[in-house]
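Novice: File follows, entry_15.txt with compact mmCIF, C-alpha atoms:
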# COMPACT_ATOMS: atom_id res chain seq x y z
CA MET A 15 89.11 -121.13 -55.80
CA GLY A 16 91.16 -117.93 -55.98
CA LEU A 17 90.48 -114.55 -57.53
CA ALA A 18 91.40 -113.70 -61.10
CA ILE A 19 90.90 -109.98 -60.41
CA GLU A 20 90.98 -108.23 -57.06
CA THR A 21 90.89 -104.47 -56.55
CA LEU A 22 90.79 -102.65 -53.24
CA GLY A 23 89.77 -99.00 -52.98
CA LEU A 24 90.35 -98.25 -56.66
CA VAL A 25 90.17 -94.50 -57.31
CA LYS A 26 90.73 -92.59 -60.54
CA ARG A 27 90.50 -88.85 -61.11
CA PHE A 28 90.67 -86.81 -64.27
CA GLY A 29 91.50 -83.30 -63.12
CA PRO A 30 88.95 -82.28 -60.49
CA THR A 31 86.53 -85.06 -61.48
CA THR A 32 86.59 -88.40 -59.66
CA VAL A 33 85.39 -91.14 -62.01
CA LEU A 34 86.10 -94.18 -59.82
CA HIS A 35 85.16 -94.07 -56.15
CA GLY A 36 86.85 -96.88 -54.21
CA VAL A 37 85.92 -99.80 -56.48
CA ASP A 38 86.41 -103.22 -54.82
CA LEU A 39 86.25 -105.99 -57.42
CA ALA A 40 86.39 -109.68 -56.52
CA VAL A 41 86.32 -111.80 -59.70
CA PRO A 42 86.51 -115.57 -59.08
CA GLU A 43 88.68 -117.71 -61.32
CA GLY A 44 86.95 -119.73 -64.03
CA CYS A 45 83.77 -117.66 -64.36
CA VAL A 46 82.19 -115.23 -66.80
CA TYR A 47 82.00 -111.99 -64.81
CA GLY A 48 79.53 -109.44 -66.15
CA PHE A 49 80.59 -105.84 -65.50
CA LEU A 50 77.39 -103.83 -65.87
CA GLY A 51 76.40 -100.21 -65.95
CA PRO A 52 75.20 -97.37 -68.19
CA ASN A 53 77.56 -95.40 -70.38
CA GLY A 54 79.67 -93.15 -68.16
CA ALA A 55 79.41 -95.44 -65.12
CA GLY A 56 83.18 -96.06 -65.07
CA LYS A 57 83.38 -99.47 -66.75
CA SER A 58 85.91 -98.60 -69.46
CA THR A 59 88.01 -96.55 -67.04
CA THR A 60 88.14 -99.53 -64.69
CA MET A 61 89.18 -101.87 -67.49
CA ARG A 62 91.92 -99.53 -68.66
CA ALA A 63 93.22 -99.36 -65.10
CA LEU A 64 93.16 -103.17 -64.87
CA LEU A 65 95.30 -103.38 -68.01
CA GLY A 66 97.74 -100.71 -66.86
CA LEU A 67 96.72 -98.37 -69.68
CA ILE A 68 96.01 -95.66 -67.11
CA ARG A 69 97.34 -95.38 -63.57
CA ALA A 70 94.91 -95.39 -60.68
CA ASP A 71 95.27 -92.53 -58.20
CA ALA A 72 94.65 -94.84 -55.23
CA GLY A 73 93.99 -98.46 -54.45
CA THR A 74 95.54 -101.76 -55.46
CA ILE A 75 95.03 -104.11 -58.41
CA ARG A 76 95.90 -107.79 -58.36
CA LEU A 77 95.59 -109.92 -61.51
CA LEU A 78 95.95 -113.68 -61.13
CA GLY A 79 97.60 -113.11 -57.77
CA HIS A 80 100.14 -110.50 -58.98
CA ASP A 81 100.19 -106.86 -57.92
CA LEU A 82 99.94 -104.75 -61.08
CA ARG A 83 101.95 -101.84 -59.73
CA ARG A 84 104.75 -103.92 -58.20
CA ASP A 85 105.10 -106.53 -60.94
CA ARG A 86 103.37 -105.34 -64.09
CA ARG A 87 104.94 -107.98 -66.34
CA ALA A 88 103.89 -110.92 -64.18
CA ALA A 89 100.39 -109.47 -63.68
CA LEU A 90 99.76 -109.07 -67.42
CA ARG A 91 101.66 -112.12 -68.69
CA HIS A 92 98.54 -114.30 -68.93
CA VAL A 93 95.97 -111.58 -69.72
CA GLY A 94 94.26 -111.05 -73.08
CA ALA A 95 92.01 -108.12 -73.94
CA LEU A 96 89.67 -106.59 -76.49
CA ILE A 97 89.11 -102.91 -75.69
CA GLU A 98 86.92 -100.77 -77.96
CA GLN A 99 86.94 -101.48 -81.71
CA PRO A 100 89.39 -104.10 -83.01
CA ALA A 101 92.33 -102.84 -85.08
CA LEU A 102 92.60 -105.29 -87.97
CA TYR A 103 94.18 -105.27 -91.43
CA ASP A 104 91.31 -105.42 -93.92
CA HIS A 105 93.62 -106.26 -96.85
CA LEU A 106 94.86 -109.44 -95.14
CA SER A 107 93.03 -112.66 -94.43
CA GLY A 108 91.88 -113.57 -90.94
CA THR A 109 94.64 -116.16 -90.71
CA ASP A 110 97.30 -113.67 -91.81
CA ASN A 111 96.12 -111.12 -89.24
CA LEU A 112 96.57 -113.76 -86.57
CA ARG A 113 99.91 -114.89 -87.99
CA LEU A 114 101.36 -111.42 -87.45
CA THR A 115 100.32 -111.56 -83.79
CA ARG A 116 101.65 -115.10 -83.40
CA ILE A 117 105.07 -114.08 -84.72
CA MET A 118 105.23 -111.02 -82.45
CA LEU A 119 104.32 -113.16 -79.43
CA GLY A 120 106.73 -115.93 -80.38
CA LEU A 121 104.00 -118.57 -80.36
CA PRO A 122 104.27 -121.91 -82.19
CA SER A 123 102.94 -122.47 -85.70
CA GLY A 124 99.36 -123.68 -85.80
CA GLU A 125 98.11 -121.28 -83.12
CA GLU A 126 96.07 -119.43 -85.76
CA GLY A 127 94.03 -122.51 -86.59
CA ARG A 128 93.41 -123.32 -82.92
CA VAL A 129 91.97 -119.91 -82.03
CA LEU A 130 89.96 -119.66 -85.26
CA GLU A 131 88.29 -122.93 -84.30
CA VAL A 132 87.52 -121.61 -80.80
CA VAL A 133 85.66 -118.58 -82.17
CA GLY A 134 83.98 -120.44 -85.02
CA LEU A 135 85.86 -118.83 -87.92
CA THR A 136 87.76 -121.81 -89.32
CA GLN A 137 86.02 -121.63 -92.69
CA ALA A 138 86.47 -117.84 -92.91
CA GLY A 139 90.16 -117.83 -92.05
CA ARG A 140 91.29 -117.50 -95.68
CA LYS A 141 88.90 -114.68 -96.52
CA LEU A 142 90.00 -111.05 -96.50
CA VAL A 143 88.99 -109.31 -93.29
CA GLY A 144 87.54 -106.47 -95.36
CA SER A 145 84.77 -108.87 -96.39
CA TYR A 146 83.92 -109.79 -92.76
CA SER A 147 80.78 -108.63 -91.01
CA LEU A 148 81.21 -106.62 -87.80
CA GLY A 149 80.38 -109.72 -85.75
CA MET A 150 83.06 -111.72 -87.57
CA LYS A 151 85.60 -108.97 -86.95
CA GLN A 152 84.72 -108.99 -83.25
CA ARG A 153 85.22 -112.75 -83.11
CA LEU A 154 88.52 -112.46 -84.97
CA ALA A 155 89.67 -109.86 -82.45
CA ILE A 156 88.74 -112.25 -79.64
CA ALA A 157 90.69 -115.00 -81.42
CA ARG A 158 93.72 -112.73 -81.39
CA ALA A 159 93.18 -111.92 -77.71
CA ILE A 160 93.16 -115.61 -76.71
CA MET A 161 96.35 -116.53 -78.57
CA GLY A 162 98.70 -118.20 -76.13
CA THR A 163 95.74 -119.27 -73.96
CA PRO A 164 95.48 -116.43 -71.43
CA ARG A 165 94.06 -117.26 -68.03
CA LEU A 166 92.16 -113.96 -67.94
CA LEU A 167 90.34 -112.31 -70.84
CA LEU A 168 88.90 -108.77 -70.68
CA LEU A 169 86.23 -107.81 -73.23
CA ASP A 170 84.88 -104.26 -73.35
CA GLU A 171 81.34 -104.06 -74.83
CA PRO A 172 81.90 -106.90 -77.36
CA THR A 173 78.30 -106.79 -78.65
CA ASN A 174 78.31 -103.08 -79.52
CA GLY A 175 76.93 -102.49 -83.00
CA LEU A 176 76.10 -106.14 -83.69
CA ASP A 177 72.86 -107.24 -85.32
CA PRO A 178 70.63 -109.78 -83.51
CA ASP A 179 72.36 -112.78 -85.13
CA GLY A 180 75.76 -111.36 -84.18
CA ILE A 181 74.65 -110.78 -80.60
CA ILE A 182 73.41 -114.37 -80.28
CA ALA A 183 76.67 -115.74 -81.71
CA MET A 184 78.75 -113.54 -79.40
CA ARG A 185 76.61 -114.54 -76.40
CA ASP A 186 77.16 -118.23 -77.10
CA LEU A 187 80.90 -117.70 -77.59
CA ILE A 188 81.37 -115.75 -74.35
CA ARG A 189 79.36 -118.27 -72.33
CA ASP A 190 81.64 -121.08 -73.53
CA LEU A 191 84.99 -119.28 -73.39
CA PRO A 192 85.97 -120.21 -69.79
CA ASN A 193 85.79 -123.88 -70.75
CA ARG A 194 87.56 -123.31 -74.06
CA ILE A 195 90.48 -121.30 -72.66
CA GLY A 196 90.54 -122.72 -69.14
CA GLY A 197 90.33 -119.26 -67.62
CA THR A 198 88.20 -116.28 -66.61
CA VAL A 199 86.25 -113.89 -68.84
CA PHE A 200 85.56 -110.36 -67.60
CA VAL A 201 83.07 -108.70 -69.94
CA SER A 202 81.61 -105.22 -69.69
CA SER A 203 78.22 -104.27 -71.08
CA HIS A 204 75.33 -101.86 -70.66
CA LEU A 205 72.96 -104.60 -71.89
CA LEU A 206 71.74 -106.25 -68.71
CA VAL A 207 69.79 -108.97 -70.51
CA GLU A 208 72.96 -110.12 -72.29
CA ILE A 209 74.93 -110.42 -69.06
CA GLU A 210 72.05 -112.25 -67.39
CA GLN A 211 72.27 -114.89 -70.13
CA THR A 212 76.06 -115.26 -70.15
CA ALA A 213 77.55 -114.44 -66.75
CA SER A 214 77.61 -116.45 -63.54
CA VAL A 215 78.87 -113.49 -61.45
CA ALA A 216 78.08 -109.80 -61.96
CA GLY A 217 79.14 -106.41 -60.68
CA LEU A 218 76.86 -103.39 -61.17
CA MET A 219 78.40 -99.92 -61.57
CA GLN A 220 76.66 -96.59 -61.10
CA GLY A 221 78.38 -93.19 -61.04
CA GLY A 222 81.84 -94.69 -60.64
CA ARG A 223 80.80 -96.90 -57.72
CA LEU A 224 80.32 -100.65 -57.53
CA VAL A 225 76.81 -100.82 -56.09
CA LEU A 226 76.30 -104.59 -56.20
CA GLN A 227 78.52 -107.63 -56.72
CA ASP A 228 77.56 -111.28 -56.34
CA LYS A 229 76.63 -114.45 -58.16
CA VAL A 230 73.84 -113.76 -60.64
CA SER A 231 71.70 -116.39 -58.94
CA ALA A 232 72.16 -114.60 -55.61
CA LEU A 233 71.38 -111.18 -57.11
CA LEU A 234 68.13 -112.53 -58.50
CA GLY A 235 67.56 -114.15 -55.12
CA ALA A 236 64.60 -116.05 -53.76
CA GLN A 237 62.24 -113.24 -54.71
CA SER A 238 59.77 -112.52 -57.45
CA ILE A 239 58.55 -109.15 -58.64
CA LEU A 240 54.96 -108.06 -58.03
CA ARG A 241 53.59 -105.50 -60.49
CA VAL A 242 50.31 -103.84 -59.44
CA THR A 243 48.57 -101.52 -61.88
CA VAL A 244 46.42 -99.08 -59.94
CA ASP A 245 44.58 -95.83 -60.73
CA ASP A 246 46.57 -93.79 -58.16
CA PRO A 247 50.06 -95.29 -57.67
CA VAL A 248 51.20 -92.60 -55.21
CA ARG A 249 48.22 -93.27 -52.93
CA GLY A 250 48.76 -96.98 -53.52
CA ALA A 251 52.36 -96.68 -52.30
CA GLU A 252 51.04 -95.06 -49.11
CA VAL A 253 48.70 -98.00 -48.55
CA LEU A 254 51.57 -100.46 -49.05
CA ALA A 255 53.78 -98.47 -46.68
CA ALA A 256 51.06 -98.76 -44.02
CA MET A 257 51.31 -102.53 -44.50
CA GLY A 258 55.08 -102.34 -43.90
CA LEU A 259 55.93 -102.69 -47.61
CA ARG A 260 58.23 -99.74 -48.25
CA GLY A 261 60.22 -100.99 -51.27
CA ALA A 262 57.69 -100.11 -53.97
CA VAL A 263 58.86 -98.22 -57.06
CA ILE A 264 56.44 -96.41 -59.36
CA GLU A 265 56.75 -97.35 -63.03
CA GLY A 266 54.08 -95.49 -64.98
CA ALA A 267 50.71 -96.57 -63.58
CA ALA A 268 52.22 -99.57 -61.78
CA LEU A 269 53.71 -100.21 -58.38
CA VAL A 270 56.64 -102.63 -58.61
CA MET A 271 58.13 -104.37 -55.58
CA PRO A 272 60.06 -107.54 -54.68
CA ILE A 273 58.20 -110.17 -52.68
CA ALA A 274 59.23 -113.59 -51.41
CA ARG A 275 58.51 -116.40 -53.85
CA ASP A 276 57.26 -118.61 -51.01
CA ASP A 277 54.57 -116.13 -49.89
CA PRO A 278 51.57 -116.88 -52.13
CA ALA A 279 49.13 -115.07 -49.83
CA LEU A 280 50.77 -111.64 -50.01
CA PRO A 281 49.50 -110.60 -53.49
CA ALA A 282 45.92 -111.26 -52.39
CA ALA A 283 46.43 -109.24 -49.20
CA ILE A 284 47.88 -106.33 -51.21
CA ASN A 285 44.96 -106.40 -53.62
CA ARG A 286 42.45 -106.45 -50.75
CA ALA A 287 44.14 -103.53 -48.96
CA LEU A 288 44.21 -101.38 -52.11
CA VAL A 289 40.57 -102.09 -52.95
CA GLU A 290 39.46 -101.42 -49.36
CA ALA A 291 41.30 -98.07 -49.59
CA GLY A 292 39.08 -97.16 -52.55
CA LEU A 293 41.66 -97.72 -55.27
CA ALA A 294 40.94 -99.47 -58.56
CA VAL A 295 43.36 -102.34 -59.24
CA SER A 296 43.33 -103.24 -62.94
CA ALA A 297 46.18 -105.77 -62.96
CA LEU A 298 48.28 -107.71 -60.49
CA GLU A 299 51.13 -109.79 -61.93
CA ARG A 300 53.97 -111.81 -60.41
CA GLU A 301 57.14 -111.73 -62.54
CA ARG A 302 60.47 -113.51 -62.39
CA PRO A 303 63.07 -110.90 -61.44
CA ASN A 304 65.80 -109.95 -63.87
CA LEU A 305 69.04 -108.01 -63.57
CA GLU A 306 67.43 -104.83 -64.86
CA GLN A 307 65.00 -104.86 -61.94
CA VAL A 308 67.79 -105.70 -59.50
CA TYR A 309 69.80 -102.79 -60.89
CA ARG A 310 66.86 -100.41 -60.65
CA ARG A 311 66.24 -101.38 -57.03
CA ALA A 312 69.91 -100.75 -56.24
CA THR A 313 70.15 -97.37 -57.96
CA ILE A 314 66.67 -95.80 -57.74
CA GLN A 315 65.46 -94.63 -54.36
CA PRO A 316 62.21 -96.37 -53.29
CA LEU A 317 59.24 -94.37 -52.06
CA ALA A 318 60.30 -94.53 -48.43
CA ALA A 319 58.95 -91.06 -47.76
CA VAL A 320 55.37 -92.25 -47.95
CA ALA A 321 55.53 -93.73 -44.44
Re-express the file's structure as structure tokens.

Specialist:
Amino acid sequence: MGLAIETLGLVKRFGPTTVLHGVDLAVPEGCVYGFLGPNGAGKSTTMRALLGLIRADAGTIRLLGHDLRRDRRAALRHVGALIEQPALYDHLSGTDNLRLTRIMLGLPSGEEGRVLEVVGLTQAGRKLVGSYSLGMKQRLAIARAIMGTPRLLLLDEPTNGLDPDGIIAMRDLIRDLPNRIGGTVFVSSHLLVEIEQTASVAGLMQGGRLVLQDKVSALLGAQSILRVTVDDPVRGAEVLAAMGLRGAVIEGAALVMPIARDDPALPAAINRALVEAGLAVSALERERPNLEQVYRRATIQPLAAVA
């Protein structure tokens, strides 16, 4: 399987400020790729560069095998996108909004009905867009983006501002889109739990750098998270470091660290060592790791200095 998106050494500066530091994306074809990071991490800048809306200062971008700088038309021919808030005509129906796009793209009649069905808006197609909820408008914008069946779809924060029902509907739609369009979906978000439930591959951005990139299953790995609540977490971290466990992070009154799932004896050994050191352990819990914890481990320095 090839790559839908490949960037090598992508750099972008705005004046003296570098906002992208050598980003190397590798997005497999046919997946939902979750592009994660807090606001200001460089996600939107990267997506604008991928679409040719801004020019990178260094590096290369290949979309569906085509170099964006050398052959912009070929690179973008089969790419759809929803960036920021959708621009829709509230005084027209959903179908009429799509009809305008269909005519401009020279697509055959009936395309409106096909994409409305994909995003679950068939019954709402005749209603004025001004009566749509925000979630319906987002889905209509996605319907417009997939007209002509692009092989690559870029969605920038599609759940922003949605209520819980809208988020659930958008999550289900995104998860199913690769099968529905026969292509790749690249979706940015700062909501790690949403990406964990929709994406099969993820890239994690921090400060304009891609700090992690892999299959979600690989990022979660064969580890679980051990959370130990102790009366003196700093002293507790020193005890763990003496045991050779240097990856602990303090979260409030707890020490949090990854441990192998197939090591059932380690939690008991940790508890015994802490108690023998005179510390009071009030809770010891094993948790399934999630992307938030993976992200924290990748971006927050562990207490290595307590060796």

Novice: Excluding Asp81 (chain A) and its own-chain neighbours fewer than 4 positions away, which residues fall within 12 Å of it when counting only C-alpha atoms? Please give them as a PyMOL selection string.

Specialist: chain A and resi 18-22+64-66+73-77+85-90

Novice: With a distance cut-off of 12 Å and only C-alpha atoms, select the neighbouring residues of Gly221 (chain A), excluding the residue or stretch itself and same-chain residues fewer than 6 positions from it, and output the selection as a list in words.

Specialist: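 Surrounding residues, per the criterion: Thr31, Thr32, Val33, Leu34, His35, Gly36, Val37, Leu50, Gly51, Pro52, Asn53, Gly54, Ala55, Gly56, Lys57, Thr59 and Thr313 of chain A.
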
Novice: Find the distance between CA of Arg116 (chain A) and CA of Met161 (chain A) and write it in Å to one decimal.

Specialist: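 About the pair CA of Arg116 (chain A) and CA of Met161 (chain A): they are 7.3 Å apart.
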
Novice: Could you tell me how far CA of Leu121 (chain A) lies from CA of His92 (chain A), in Å and to one decimal?

Specialist: 13.4 Å

Novice: Which residue is closest to Val46 (chain A)? Choose from A:Asp246, A:Asp228, A:Asp190, A:Glu265 and count only C-alpha atoms.

Specialist: A:Asp190

Novice: Considering only C-alpha atoms, state which residue in the set A:Gly292, A:Gly196, A:Gly217, A:Gly266 is at the smallest distance from Arg249 (chain A).

Specialist: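 That would be A:Gly292, the residue with the smallest distance to Arg249 (chain A).
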
Novice: Work out how far CA of Ser147 (chain A) is from CA of Val132 (chain A), in Å to one decimal.

Specialist: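 Separation between CA of Val132 (chain A) and CA of Ser147 (chain A): 17.8 Å.
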